[in-house]
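S.K.: Mind having a look at this structure? Questions to follow.
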Amino acid sequence: MRTAALPPVVAAVVAFAVSGIRRLSPIILQSPVSLPSTETLSVYLMSAQFAAFVLIYGLLFGVALASGVRDADVSATSTALATGASAAVSFLVGSAAVLSYLGPDRSPVITAVFALGASLGIGIQFAVVAYAGVTLGASRREGPEPTPP
């Protein structure tokens with residue numbers, strides 16, 4: 001059994017994007033650009049949340065599913081662990097960058113604690129999505145179970 005290479009790479013890219021998407025409202029509020037109306041701002045934020053949902057449950061799940069269907073030698077457990085670890089590290093880097101931009105006067109310890117807690121949650125979420133995708137792909141590769149007469 002081996003680890004699929006593509007889901008951890010996709011998870012790292014998606015996690016980095018999600019680290020900015022999750023903190024989009026404070027980024028917009030603290031940026032020097034003029035603010036749109038509250039209705040427009042709400043639309044932007046909800047659209048960003050939907051984009052994060054599509055990236056996680058569409059792109060990452062689809063890549064994990066394709067890995068499970070395509071390769072019979074892929075281990076769902078090792079792929080999920082690698083995916084979760086790469087997502088956690090990528091989200092940690094992205095969160096640290098965003099949090100340092102948002103609050104440069106904030107203590108680095110507090111910034112690290114916030115970023116570490118959020119990255120652990122993202123790592124677990126992405127690991128579960130990857131495990132589900134690879135496992136479902138493996139079951140689809142084997143075909144439907146015969147029904148007893």
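Note on naming: chains are A, B, ... as they come in the structure tokens, residues start from 1 per chain, ligands start from 1 in the order shown.
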Just list as a ChimeraX atom specification whatever in chain A DSSP marks as alpha helix (DSSP H).
M.R.: /A:6-21,24-30,38-54,61-70,76-102,108-142
S.K.: Determine, counting only C-alpha atoms, which protein, DNA and RNA residues have an atom within 9 Å of an atom of A:Ser119; residues of the same chain fewer than 2 positions away are not included. Present the result as a list in words.
M.R.: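 Residues meeting the cut-off are Ala15, Ser19, Ala87, Ala88, Val89, Ser90, Phe91, Leu92, Val93, Ser95, Phe114, Ala115, Leu116, Gly117, Gly121, Ile122, Gly123 and Ile124 of chain A.
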S.K.: Would you put the residues from that selection into a file with all heavy atoms, as a short mmCIF file (atom, residue, chain, number, x, y, z; two decimals), in the first residue's frame?
M.R.:
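New file part.cif:
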```
data_model
loop_
_atom_site.label_atom_id
_atom_site.label_comp_id
_atom_site.auth_asym_id
_atom_site.auth_seq_id
_atom_site.Cartn_x
_atom_site.Cartn_y
_atom_site.Cartn_z
N ALA A 15 -5.80 24.54 1.46
CA ALA A 15 -5.69 25.03 2.84
C ALA A 15 -5.10 26.43 2.89
O ALA A 15 -5.53 27.27 3.70
CB ALA A 15 -4.85 24.08 3.67
N SER A 19 -7.14 29.63 4.34
CA SER A 19 -6.63 30.44 5.46
C SER A 19 -6.90 31.93 5.23
O SER A 19 -7.15 32.66 6.18
CB SER A 19 -5.13 30.19 5.66
OG SER A 19 -4.38 30.72 4.59
N ALA A 87 -2.16 19.84 4.83
CA ALA A 87 -3.15 20.90 4.99
C ALA A 87 -2.91 21.69 6.26
O ALA A 87 -3.01 22.92 6.26
CB ALA A 87 -4.56 20.31 5.00
N ALA A 88 -2.57 21.00 7.35
CA ALA A 88 -2.33 21.70 8.61
C ALA A 88 -1.12 22.63 8.51
O ALA A 88 -1.18 23.78 8.97
CB ALA A 88 -2.13 20.69 9.74
N VAL A 89 -0.06 22.17 7.90
CA VAL A 89 1.14 23.01 7.77
C VAL A 89 0.87 24.20 6.85
O VAL A 89 1.24 25.34 7.16
CB VAL A 89 2.33 22.16 7.26
CG1 VAL A 89 3.49 23.04 6.85
CG2 VAL A 89 2.76 21.16 8.31
N SER A 90 0.21 23.96 5.74
CA SER A 90 -0.09 25.03 4.80
C SER A 90 -1.03 26.06 5.42
O SER A 90 -0.85 27.27 5.26
CB SER A 90 -0.69 24.45 3.53
OG SER A 90 -1.00 25.46 2.62
N PHE A 91 -2.05 25.59 6.13
CA PHE A 91 -2.98 26.50 6.79
C PHE A 91 -2.28 27.28 7.89
O PHE A 91 -2.56 28.46 8.10
CB PHE A 91 -4.16 25.72 7.36
CG PHE A 91 -5.30 26.59 7.82
CD1 PHE A 91 -6.25 27.02 6.94
CD2 PHE A 91 -5.41 26.98 9.15
CE1 PHE A 91 -7.31 27.82 7.36
CE2 PHE A 91 -6.44 27.78 9.57
CZ PHE A 91 -7.40 28.21 8.68
N LEU A 92 -1.35 26.64 8.59
CA LEU A 92 -0.60 27.31 9.64
C LEU A 92 0.23 28.46 9.06
O LEU A 92 0.25 29.56 9.60
CB LEU A 92 0.30 26.32 10.36
CG LEU A 92 1.16 26.86 11.50
CD1 LEU A 92 0.28 27.38 12.61
CD2 LEU A 92 2.09 25.78 12.01
N VAL A 93 0.89 28.21 7.95
CA VAL A 93 1.70 29.26 7.31
C VAL A 93 0.80 30.40 6.83
O VAL A 93 1.09 31.58 7.06
CB VAL A 93 2.52 28.67 6.14
CG1 VAL A 93 3.15 29.75 5.29
CG2 VAL A 93 3.57 27.71 6.66
N SER A 95 -2.24 31.18 7.88
CA SER A 95 -2.87 31.86 9.03
C SER A 95 -1.88 32.76 9.74
O SER A 95 -2.23 33.87 10.17
CB SER A 95 -3.41 30.83 10.02
OG SER A 95 -4.49 30.14 9.46
N PHE A 114 -3.53 30.89 18.15
CA PHE A 114 -4.70 30.96 17.27
C PHE A 114 -4.46 30.18 15.97
O PHE A 114 -5.31 29.40 15.53
CB PHE A 114 -5.04 32.41 16.92
CG PHE A 114 -5.79 33.14 17.99
CD1 PHE A 114 -5.44 34.44 18.32
CD2 PHE A 114 -6.84 32.55 18.66
CE1 PHE A 114 -6.12 35.12 19.31
CE2 PHE A 114 -7.53 33.22 19.64
CZ PHE A 114 -7.17 34.51 19.97
N ALA A 115 -3.30 30.40 15.38
CA ALA A 115 -3.00 29.74 14.11
C ALA A 115 -2.87 28.23 14.28
O ALA A 115 -3.34 27.45 13.44
CB ALA A 115 -1.72 30.32 13.51
N LEU A 116 -2.25 27.79 15.37
CA LEU A 116 -2.07 26.35 15.60
C LEU A 116 -3.40 25.65 15.83
O LEU A 116 -3.64 24.56 15.28
CB LEU A 116 -1.13 26.12 16.78
CG LEU A 116 -0.71 24.69 17.05
CD1 LEU A 116 0.05 24.13 15.85
CD2 LEU A 116 0.12 24.60 18.30
N GLY A 117 -4.26 26.26 16.61
CA GLY A 117 -5.57 25.65 16.86
C GLY A 117 -6.39 25.52 15.60
O GLY A 117 -7.01 24.48 15.34
N GLY A 121 -7.58 21.92 13.36
CA GLY A 121 -8.95 21.66 12.91
C GLY A 121 -9.03 21.44 11.41
O GLY A 121 -9.71 20.53 10.94
N ILE A 122 -8.33 22.27 10.65
CA ILE A 122 -8.32 22.12 9.19
C ILE A 122 -7.65 20.81 8.79
O ILE A 122 -8.11 20.12 7.88
CB ILE A 122 -7.61 23.33 8.54
CG1 ILE A 122 -8.50 24.55 8.62
CG2 ILE A 122 -7.22 23.05 7.10
CD1 ILE A 122 -9.75 24.48 7.76
N GLY A 123 -6.56 20.47 9.45
CA GLY A 123 -5.87 19.22 9.14
C GLY A 123 -6.76 18.01 9.35
O GLY A 123 -6.81 17.10 8.51
N ILE A 124 -7.50 18.01 10.44
CA ILE A 124 -8.42 16.89 10.71
C ILE A 124 -9.55 16.87 9.69
O ILE A 124 -9.91 15.80 9.18
CB ILE A 124 -8.96 17.00 12.15
CG1 ILE A 124 -7.83 16.73 13.15
CG2 ILE A 124 -10.12 16.03 12.38
CD1 ILE A 124 -8.17 17.06 14.58
#
```
S.K.: Determine the nearest neighbour of A:Leu102 from the options A:Ala17, A:Ala85, A:Leu24, A:Ala11, counting only C-alpha atoms.
M.R.: A:Leu24
S.K.: Output as JSON lines one row per residue of stretch 47-146 of chain A within 12 Å of stretch 26-29 of chain A: the closest atom pair and its distance in Å to one decimal place, counting only C-alpha atoms, sorted by chain and residue number ascending.
M.R.:
```
{"residue": "A:Ser95", "atom": "CA", "partner": "A:Ile27", "partner_atom": "CA", "distance": 11.9}
{"residue": "A:Ala97", "atom": "CA", "partner": "A:Ile27", "partner_atom": "CA", "distance": 11.5}
{"residue": "A:Val98", "atom": "CA", "partner": "A:Ile27", "partner_atom": "CA", "distance": 8.0}
{"residue": "A:Leu99", "atom": "CA", "partner": "A:Ile27", "partner_atom": "CA", "distance": 9.3}
{"residue": "A:Ser100", "atom": "CA", "partner": "A:Ile27", "partner_atom": "CA", "distance": 11.2}
{"residue": "A:Tyr101", "atom": "CA", "partner": "A:Ile27", "partner_atom": "CA", "distance": 8.4}
{"residue": "A:Leu102", "atom": "CA", "partner": "A:Ile27", "partner_atom": "CA", "distance": 6.7}
{"residue": "A:Gly103", "atom": "CA", "partner": "A:Pro26", "partner_atom": "CA", "distance": 10.2}
```
S.K.: Pick out the closest residue to A:Phe126 from this set: A:Ser25, A:Thr111, A:Gln30, A:Thr83. Count only C-alpha atoms.
M.R.: A:Thr83
S.K.: With only C-alpha atoms as the basis for distance, which of A:Leu120, A:Val128, A:Ile21, A:Ile110 is at the shortest distance from A:Ser47?
M.R.: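 Going through A:Leu120, A:Val128, A:Ile21, A:Ile110 one by one, the smallest distance to A:Ser47 is for A:Ile21.
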S.K.: In Å, with one decimal, what is the gap from atom CA of A:Pro8 to atom CA of A:Tyr44?
M.R.: 28.4 Å
